[in-house]
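Peer 1: Coordinates in data.txt, compact mmCIF, C-alpha atoms and all ligand atoms, are listed below.
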# COMPACT_ATOMS: atom_id res chain seq x y z
CA MET I 405 64.87 -24.98 14.74
CA PRO I 406 68.38 -23.54 14.77
CA GLY I 407 71.13 -26.09 14.23
CA SER I 408 68.82 -28.99 13.51
CA LYS I 409 67.43 -30.56 10.37
CA PRO I 410 64.12 -29.04 9.34
CA GLY I 411 61.27 -31.15 10.68
CA PRO I 412 57.53 -31.10 10.10
CA LEU I 413 57.06 -28.19 12.52
CA ASP I 414 59.67 -26.13 10.64
CA GLU I 415 57.80 -26.80 7.41
CA LEU I 416 54.56 -25.75 9.05
CA LEU I 417 56.16 -22.55 10.33
CA LYS I 418 57.43 -21.83 6.83
CA ALA I 419 53.87 -22.20 5.53
CA ALA I 420 52.60 -19.83 8.23
CA ARG I 421 55.21 -17.23 7.32
CA ALA I 422 54.25 -17.48 3.66
CA ALA I 423 50.54 -17.23 4.50
CA SER I 424 51.10 -13.98 6.39
CA ARG I 425 51.67 -12.29 3.03
CA SER I 426 47.98 -12.85 2.26
CA ALA I 427 46.78 -10.94 5.33
CA TYR I 428 44.30 -8.12 4.87
CA CYS I 429 45.36 -5.80 7.68
CA PRO I 430 45.05 -2.13 6.70
CA TYR I 431 44.28 -1.14 10.31
CA SER I 432 46.72 -3.06 12.50
CA LYS I 433 49.42 -3.48 9.84
CA PHE I 434 50.13 -6.83 11.53
CA HIS I 435 50.44 -9.50 8.88
CA VAL I 436 49.73 -12.77 10.67
CA GLY I 437 49.88 -16.15 9.01
CA ALA I 438 48.88 -19.51 10.41
CA ALA I 439 49.18 -23.06 9.20
CA VAL I 440 47.56 -26.18 10.56
CA ARG I 441 48.35 -29.78 9.69
CA ALA I 442 45.20 -31.88 9.57
CA GLY I 443 44.64 -35.22 7.91
CA GLY I 444 48.27 -35.11 6.77
CA ARG I 445 47.65 -31.93 4.76
CA VAL I 446 48.59 -28.32 5.46
CA PHE I 447 45.97 -25.58 5.50
CA THR I 448 46.90 -21.94 5.81
CA GLY I 449 45.15 -18.79 6.87
CA ALA I 450 45.80 -15.13 7.50
CA ASN I 451 44.09 -12.39 9.43
CA VAL I 452 41.28 -10.56 7.63
CA GLU I 453 40.41 -7.22 9.21
CA ASN I 454 37.32 -5.10 8.89
CA ALA I 455 36.52 -1.41 9.37
CA SER I 456 34.11 -2.65 12.03
CA TYR I 457 36.97 -4.02 14.13
CA GLY I 458 34.94 -6.69 15.90
CA LEU I 459 34.35 -8.47 12.60
CA THR I 460 38.04 -9.09 12.12
CA ILE I 461 39.11 -12.73 12.12
CA CYS I 462 42.52 -14.02 13.10
CA ALA I 463 44.87 -16.12 10.99
CA GLU I 464 44.59 -19.12 13.30
CA ARG I 465 40.83 -19.33 12.87
CA THR I 466 40.89 -18.90 9.08
CA ALA I 467 43.44 -21.74 8.87
CA ALA I 468 41.44 -24.00 11.20
CA PHE I 469 38.21 -23.31 9.35
CA ALA I 470 39.87 -24.00 5.99
CA ALA I 471 40.88 -27.42 7.30
CA VAL I 472 37.42 -28.17 8.63
CA LEU I 473 35.76 -27.07 5.39
CA ALA I 474 38.07 -29.45 3.49
CA GLY I 475 36.91 -32.31 5.69
CA ALA I 476 40.03 -32.44 7.86
CA SER I 477 38.73 -31.53 11.29
CA ARG I 478 41.42 -33.23 13.39
CA ILE I 479 44.21 -30.69 13.73
CA GLU I 480 47.59 -32.31 14.40
CA ALA I 481 49.88 -29.26 14.64
CA VAL I 482 49.69 -25.48 14.38
CA ALA I 483 52.17 -22.75 13.44
CA ILE I 484 51.66 -19.00 13.75
CA SER I 485 53.85 -16.19 12.48
CA CYS I 486 53.75 -12.39 12.46
CA ALA I 487 56.75 -10.76 10.83
CA ASP I 488 55.61 -7.27 11.83
CA ILE I 489 56.36 -7.72 15.51
CA PRO I 490 59.46 -5.64 16.22
CA GLU I 491 62.65 -7.46 17.23
CA GLY I 492 62.91 -7.65 21.01
CA ALA I 493 59.20 -6.96 21.54
CA ASP I 494 57.24 -8.76 24.22
CA PRO I 495 56.64 -12.29 22.86
CA SER I 496 53.04 -12.13 24.09
CA LEU I 497 52.36 -10.01 20.98
CA ALA I 498 52.89 -13.16 18.93
CA MET I 499 50.65 -15.45 20.98
CA PRO I 500 47.22 -16.58 19.77
CA CYS I 501 44.27 -14.75 21.31
CA GLY I 502 41.79 -16.46 23.62
CA ALA I 503 39.16 -16.87 20.91
CA CYS I 504 41.61 -18.72 18.67
CA ARG I 505 42.74 -20.96 21.52
CA GLN I 506 39.13 -21.97 22.10
CA VAL I 507 38.57 -22.64 18.39
CA LEU I 508 41.72 -24.78 18.23
CA ALA I 509 40.51 -26.74 21.28
CA GLU I 510 37.44 -27.75 19.28
CA PHE I 511 39.58 -29.51 16.66
CA ALA I 512 42.90 -30.32 18.34
CA GLY I 513 43.91 -32.53 21.24
CA PRO I 514 45.52 -31.14 24.40
CA GLU I 515 49.03 -32.23 23.39
CA THR I 516 48.83 -30.68 19.91
CA PRO I 517 52.01 -28.67 19.32
CA ILE I 518 51.58 -24.98 18.60
CA VAL I 519 54.67 -23.25 17.20
CA VAL I 520 54.61 -19.51 17.72
CA ASP I 521 57.27 -17.81 15.63
CA ARG I 522 59.91 -16.18 17.83
CA ALA I 523 58.06 -17.19 21.02
CA GLY I 524 58.44 -20.97 21.26
CA ILE I 525 56.63 -24.28 21.00
CA PHE I 526 53.68 -24.89 23.28
CA THR I 527 50.99 -27.52 23.65
CA LEU I 528 47.35 -26.57 23.39
CA VAL I 529 46.73 -27.47 27.02
CA GLU I 530 49.53 -25.12 28.06
CA LEU I 531 47.85 -22.28 26.22
CA LEU I 532 44.30 -23.19 27.23
CA PRO I 533 44.10 -25.30 30.38
CA MET I 534 40.62 -26.49 31.28
CA ALA I 535 39.15 -25.51 27.92
CA PHE I 536 35.40 -25.12 27.67
CA ARG I 537 33.90 -28.21 26.05
CA LEU I 538 30.38 -29.42 25.40
CA ARG I 539 30.99 -33.12 25.78
CA GLU I 540 27.41 -34.03 24.96
CA GLY I 541 26.32 -33.51 21.39
CA CYS I 542 29.72 -32.74 19.88
CA PRO I 543 30.73 -35.51 17.48
CA GLU I 544 34.39 -34.52 17.78
CA SER I 545 34.40 -35.09 21.52
CA ARG I 546 33.47 -38.76 21.19
CA GLY I 547 35.72 -41.68 20.37
CA GLY I 548 39.18 -40.27 21.00
CA GLY I 549 38.65 -36.76 19.70
CA ALA I 550 40.07 -33.69 21.35
CA GLY I 551 37.33 -33.55 23.95
CA ALA I 552 37.67 -37.17 24.94
CA ALA I 553 41.42 -36.88 25.32
CA GLY I 554 41.34 -33.61 27.19
CA PRO I 555 42.16 -33.38 30.86
CA THR I 556 39.11 -33.65 33.01
CA PRO I 557 39.09 -31.00 35.66
CA ALA I 558 38.55 -32.09 39.21
CA SER I 559 35.05 -31.61 40.52
CA PRO I 560 34.64 -27.97 41.31
CA ARG I 561 34.12 -27.06 44.90
CA ARG I 562 30.66 -25.82 45.46
CA PRO I 563 29.95 -23.20 48.04
CA SER I 564 28.04 -24.68 50.92
CA ARG I 565 24.57 -23.37 51.48
CA GLU I 566 23.90 -22.91 55.12
ZN ZN S 601 42.94 -14.90 17.50
Could you render the structure from this file as structure tokens?
Ligand code: ZN

Peer 2:
Amino acid sequence: MPGSKPGPLDELLKAARAASRSAYCPYSKFHVGAAVRAGGRVFTGANVENASYGLTICAERTAAFAAVLAGASRIEAVAISCADIPEGADPSLAMPCGACRQVLAEFAGPETPIVVDRAGIFTLVELLPMAFRLREGCPESRGGGAGAAGPTPASPRRPSRE
């Protein structure tokens, strides 16, 4: 970041910025790029919109799915960039949506760094505390995967039945 030597997260952010140029976004005009490092490789994605808005998919998910389809399902770091956000705008415009946070939680551990261009560096657990997980039946959640390493919420308080 400013004043320091470029590190792996800077390189990932550069890849996300470059990927944003591939976005298909005729409706929002928000070119979003994402890059994930998985298995030591970088996979990129961009948002792909649809006239039926609900079918639109975000950059973060296209990048994550590209990694998974290439056989690299353990995401080690994430970068997200949208150059179309006006200078001085609310940084929440740059943050990943809830759906993308949940998808990342499937393939990334709680301490996975997520660099959001012009907003900061976060960990996955900061962005999605107490993520929904199906511990049974998910191969990724066994043997040190994201699910196994995730924080276990305290037992929920149940309302008493009297
Ligand atoms: Zn999203």

Peer 1: Please identify all protein, DNA and RNA residues within 9 Å of ligand ZN 601 (chain S), counting only C-alpha atoms and all ligand atoms, and report them as a ChimeraX atom specification.

Peer 2: /I:451,461-465,499-505,507

Peer 1: Within 8 Å of I:Tyr428, counting all atoms listed in the file, which residues qualify if same-chain residues fewer than 4 places away don't, as number ranges by chain?

Peer 2: I: 435, 450-453

Peer 1: Give me, please, the distance in Å between atom CA of I:Tyr431 and atom CA of I:Asp488, quoted to one decimal.

Peer 2: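 Distance between the two atoms: 13.0 Å.
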
Peer 1: Take atom CA of I:Cys429 and atom CA of I:Leu417 and report the distance between them in Å, one decimal.

Peer 2: 20.1 Å

Peer 1: Atom CA of I:Arg421 and atom CA of I:Gly437 are how many Å apart?

Peer 2: 5.7 Å

Peer 1: Which is closest to I:Glu480 among I:Thr466, I:Pro410, I:Ala439, I:Tyr457, if we use all atoms listed in the file?

Peer 2: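 Among the listed residues, the smallest separation from I:Glu480 belongs to I:Ala439.
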
Peer 1: Which residue out of I:Leu508, I:Leu538, I:Ala523, I:Cys486 has the minimum interatomic distance to I:Ala427 when all atoms listed in the file are used?

Peer 2: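 The closest residue to I:Ala427 is I:Cys486.
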
Peer 1: So, counting all atoms listed in the file, which residue among I:Ser477, I:Ser456, I:Ser485, I:Ser496 is closest to I:Val436?

Peer 2: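 Among I:Ser477, I:Ser456, I:Ser485, I:Ser496, it is I:Ser485 that comes nearest to I:Val436.
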
Peer 1: When distances are computed from only C-alpha atoms, which of I:Ala483, I:Met534, I:Thr460, I:Pro495 shows the smallest separation from I:Val520?

Peer 2: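 The answer is I:Ala483, which sits nearest to I:Val520.
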
Peer 1: Out of I:Asn454, I:Ile479, I:Val519, I:Ile525, which residue has the shortest atom-to-atom distance to I:Pro430 when counting all atoms listed in the file?

Peer 2: I:Asn454

Peer 1: Counting only C-alpha atoms, figure out which residue out of I:Arg425, I:Val472, I:Leu532, I:Phe447 gets nearest to I:Gln506.

Peer 2: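 Checking each candidate against I:Gln506, we get I:Leu532 as the closest.
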